[in-house]
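Visitor: First the structure, which I've put down as structure tokens, then a few questions once you've had a look.
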Amino acid sequence: MKICVRFFAAFREITGVETEVVETTAASPAGLFEECTRRYAGLQNYSSSMVAINDEMAQWDSMLSEGDEVLFFPPVAGG
Amino acid sequence: MKICVRFFAAFREITGVETEVVETTAASPAGLFEECTRRYAGLQNYSSSMVAINDEMAQWDSMLSEGDEVLFFPPVAGG
Amino acid sequence: MNAFEISSQMIDLEAFRRRLLNRSCGAYVQFDGWVRDHNEGRQVLRLEYEVYEPLALKEGSRIIAEAKQRFGVSNACAIHRSGLLELSDVAVVVGVSSPHRGEAFDACRYIIDQAKIRLPIWKKEYYANGNEEWVNCQRCSEAGHEHGAVSARVPR
Amino acid sequence: MNAFEISSQMIDLEAFRRRLLNRSCGAYVQFDGWVRDHNEGRQVLRLEYEVYEPLALKEGSRIIAEAKQRFGVSNACAIHRSGLLELSDVAVVVGVSSPHRGEAFDACRYIIDQAKIRLPIWKKEYYANGNEEWVNCQRCSEAGHEHGAVSARVPR
């Protein structure tokens, strides 16, 4: 299925990509992120990273659906 | 001995006195206050009242000395 | 300028805040006590603070020093009003700046908590029905005398 | 105006405070996050916040609503900056008004604590030696993922 992936902050700088549409068989954001780490050298499993699907915070093991937009957030640091 | 007594806020309004010099044999502020309650109808034993001697916070059983200025504070309510 | 002040004039909050600005501080916590339009079910129109300044200044500075030492904050100040105040006036302001926020919150709360029970300051409320009354520190009445060395119940 | 906002402009603190003024409130607690000149031993010159606004606004409003419900405070607002900030600029401000002070302190602290770990906001620091770096939320790194439903460790 087709998924739109967006990288933020450090993730965006590491991958050099802000938005991409990928064809994936990953069932969850965790699997999708794993695919990305194989494609982009330097993209790591940060602890405390977060994921959102279609502008809602989500779990790493949430189900992905065709056309979802998946947002990968490195550890946040507001304030 | 001679002691200068000052009443504040509610105490001043009850006694009608801001400052007075009294001749007393009371050994402590507690005894002195007790004397005042006999002199001034309405002056009560408020819990949480405080006492100061010569502009320093003091204990109710502190020792009094000739010429001390004793300040009787009803319960405070700053802020 | 002193860390603790009594003011008979409206407090200039912008100037107050500027005193605490510090480039090495990432956190600033401020508490304002505002004059509230009610107290224990009664409508308050205005109020008046009586302050015994010589001791209030001494004890206020002591509280600030305790907070700085206890919580290790960079800077702390407070101003308490005296005289007549109208609704929404600032009766007291406490500000604390610190590299991190935890200790700034703790120190600010310590200062206002202690100020309310230790400073020789009395509040008279004027009510809509024409009455007026000296107000007790509610917590004191409830908790008895928890003021450490500076307080005691008047013995019977 | 919304209870939680993102601003690319300098925050007007006086206007912010006015929004929270309330005659039935006796207590106001404000937290400012200031841009600090150092972090973990390095000299910071300025910093930049990247904010993913659609979600930051949603999550920020949720945090404010949680605080109001949990602590029963009258009013609460926050503004977080985006973009480039200089030393001593206000990066974030949180204000809470309430009849009494205990809940105002608690709610203010809850909001800033949650904001730091839940909002999709990232901070890049620019150092005196010319380097720049994305900064992790220190507590997150130390404590692991304590973000409740919204967070998870990326699985290995």
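Letters A, B, ... mark the chains of the structure tokens in the order given; residue numbers begin at 1 per chain; ligand numbers begin at 1, in order shown.
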Quick one: residues within 9 Å of Phe16 in chain D, only C-alpha atoms, excluding same-chain residues fewer than 3 positions away - as a ChimeraX atom specification?
Guide: /D:11-13,19-20,77-79,93,95
Visitor: Identify, on the basis of only C-alpha atoms, every residue whose closest approach to Ala67 in chain D does not exceed 7 Å; exclude the query and any residue fewer than 2 positions from it along the same chain; express the result as a PyMOL selection string.
Guide: chain D and resi 63-65+69-71+107+110-111
Visitor: Find the spatial neighbours of Ser61 in chain C, counting only C-alpha atoms, within a cut-off of 12 Å - ignore same-chain residues fewer than 3 positions away - and output them as a list in words.
Guide: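 Using only C-alpha atoms, the neighbours found are Met1, Asn2, Ala3, Phe4, Glu5, Ile6, Glu53, Pro54, Leu55, Ala56, Leu57, Lys58, Ile64, Ala65, Glu66, Ala67, Lys68, Ala76, Cys77, Ala78, Ile79, His80, Ile111, Gln114, Ala115, Arg118 and Leu119 of chain C.
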Visitor: Would you write out those residues with C-alpha atoms, as an mmCIF file, in the first residue's frame?
Guide:
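Output file out_34.cif follows:
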data_model
loop_
_atom_site.group_PDB
_atom_site.id
_atom_site.type_symbol
_atom_site.label_atom_id
_atom_site.label_comp_id
_atom_site.auth_asym_id
_atom_site.auth_seq_id
_atom_site.Cartn_x
_atom_site.Cartn_y
_atom_site.Cartn_z
ATOM 1 C CA MET C 1 16.780 47.347 45.735
ATOM 2 C CA ASN C 2 15.831 44.822 48.370
ATOM 3 C CA ALA C 3 14.679 41.278 47.700
ATOM 4 C CA PHE C 4 11.573 41.961 49.752
ATOM 5 C CA GLU C 5 9.677 45.229 49.680
ATOM 6 C CA ILE C 6 6.483 46.772 50.963
ATOM 7 C CA GLU C 53 6.955 47.419 58.150
ATOM 8 C CA PRO C 54 10.056 47.093 60.339
ATOM 9 C CA LEU C 55 9.341 43.447 61.045
ATOM 10 C CA ALA C 56 7.672 42.623 57.722
ATOM 11 C CA LEU C 57 10.791 43.734 55.859
ATOM 12 C CA LYS C 58 13.077 41.778 58.142
ATOM 13 C CA ILE C 64 13.583 34.986 50.468
ATOM 14 C CA ALA C 65 17.024 34.045 51.773
ATOM 15 C CA GLU C 66 15.681 30.722 53.057
ATOM 16 C CA ALA C 67 14.126 29.954 49.666
ATOM 17 C CA LYS C 68 17.343 30.734 47.806
ATOM 18 C CA ALA C 76 14.030 35.660 44.085
ATOM 19 C CA CYS C 77 12.087 38.811 44.945
ATOM 20 C CA ALA C 78 8.741 39.764 46.359
ATOM 21 C CA ILE C 79 6.693 42.927 46.864
ATOM 22 C CA HIS C 80 3.685 43.169 49.179
ATOM 23 C CA ILE C 111 7.963 32.102 49.589
ATOM 24 C CA GLN C 114 5.685 31.400 54.311
ATOM 25 C CA ALA C 115 4.788 35.029 53.600
ATOM 26 C CA ARG C 118 4.898 34.745 58.960
ATOM 27 C CA LEU C 119 4.638 38.374 57.875
#
Visitor: Considering only C-alpha atoms, give me a table of residues in range 63-145 of chain C that are at most 6 Å from range 72-76 of chain B, with the closest atom pair and distance in Å for each, as a tab-separated table.
Guide:
residue	atom	partner	partner_atom	distance
C:Pro120	CA	B:Val76	CA	5.9
C:Ile121	CA	B:Val76	CA	5.5
C:Trp122	CA	B:Val76	CA	5.2
C:Asn136	CA	B:Pro75	CA	5.8
C:Cys137	CA	B:Val76	CA	6.0
Visitor: I'd like the neighbourhood of Phe7 in chain A as a VMD selection string, where a residue qualifies if any of its atoms comes within 9 Å (using only C-alpha atoms), though same-chain residues fewer than 5 positions away should be ignored.
Guide: chain A and resid 12 to 13 15 to 20 70 to 74
Visitor: In terms of the shortest atom-to-atom distance over only C-alpha atoms, which of C:Asp106, C:Asp89, C:Asp32, C:Glu133 is closest to chain D?
Guide: C:Asp32
Visitor: Record the distance separating CA of Leu47 in chain C and CA of Glu86 in chain C, expressed in Å with one decimal.
Guide: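 A separation of 6.7 Å between them.
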Visitor: So which one's closest to chain A, D:Ser97, D:Ser24, D:Ser7, D:Ser82? Using only C-alpha atoms, please.
Guide: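 Looking at the shortest contact to chain A, the residue is D:Ser82.
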Visitor: Given a cut-off of 12 Å, which residues of chain B touch chain C, counting only C-alpha atoms, written out as a ChimeraX atom specification?
Guide: /B:6-14,28-35,37,43-62,71-79
Visitor: Would you please give, as a ChimeraX atom specification, all residues of chain B that DSSP assigns to alpha helix (DSSP H) based on the backbone?
Guide: /B:9-15,29-39
Visitor: May I have a table of the residues of chain C lying at most 9 Å from chain D, giving each one's closest pair of atoms and their distance in Å to one decimal, counting only C-alpha atoms, ordered by chain and ascending residue number, as a Markdown table?
Guide:
| residue | atom | partner | partner_atom | distance |
| --- | --- | --- | --- | --- |
| C:Glu14 | CA | D:Glu14 | CA | 8.3 |
| C:Leu21 | CA | D:Ser88 | CA | 7.4 |
| C:Asn22 | CA | D:Ser88 | CA | 7.2 |
| C:Arg23 | CA | D:Arg36 | CA | 5.5 |
| C:Ser24 | CA | D:Arg36 | CA | 5.1 |
| C:Cys25 | CA | D:Arg36 | CA | 5.5 |
| C:Gly26 | CA | D:Trp34 | CA | 4.6 |
| C:Ala27 | CA | D:Gly33 | CA | 4.9 |
| C:Tyr28 | CA | D:Asp32 | CA | 5.0 |
| C:Val29 | CA | D:Phe31 | CA | 4.6 |
| C:Gln30 | CA | D:Gln30 | CA | 5.1 |
| C:Phe31 | CA | D:Val29 | CA | 4.6 |
| C:Asp32 | CA | D:Tyr28 | CA | 5.0 |
| C:Gly33 | CA | D:Ala27 | CA | 4.9 |
| C:Trp34 | CA | D:Gly26 | CA | 4.5 |
| C:Val35 | CA | D:Gly26 | CA | 5.8 |
| C:Arg36 | CA | D:Gly26 | CA | 4.9 |
| C:Asp37 | CA | D:Ser24 | CA | 5.3 |
| C:His38 | CA | D:Ser24 | CA | 6.6 |
| C:Leu87 | CA | D:Arg23 | CA | 6.5 |
| C:Ser88 | CA | D:Arg23 | CA | 5.6 |
| C:Pro99 | CA | D:Arg36 | CA | 7.6 |
| C:Arg101 | CA | D:Gly33 | CA | 8.3 |
| C:Gly102 | CA | D:Arg109 | CA | 8.5 |
| C:Phe105 | CA | D:Phe105 | CA | 7.6 |
| C:Arg109 | CA | D:Phe105 | CA | 7.6 |
Visitor: Run DSSP on the backbone of this structure and report the residues of chain C it assigns to strand (DSSP E or B), as a PyMOL selection string.
Guide: chain C and resi 4-7+27-34+38-39+42-51+75-81+83-86+90-98+121-127+132-135
Visitor: Just to confirm, what's the straight-line distance from CA of Ala26 in chain A to CA of Leu64 in chain A in Å (one decimal)?
Guide: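 One can read the CA of Ala26 in chain A to CA of Leu64 in chain A distance as 7.8 Å.
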Visitor: CA of Val21 in chain A and CA of Lys2 in chain A are how many Å apart?
Guide: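 Atom-to-atom, CA of Val21 in chain A to CA of Lys2 in chain A, that is 6.6 Å.
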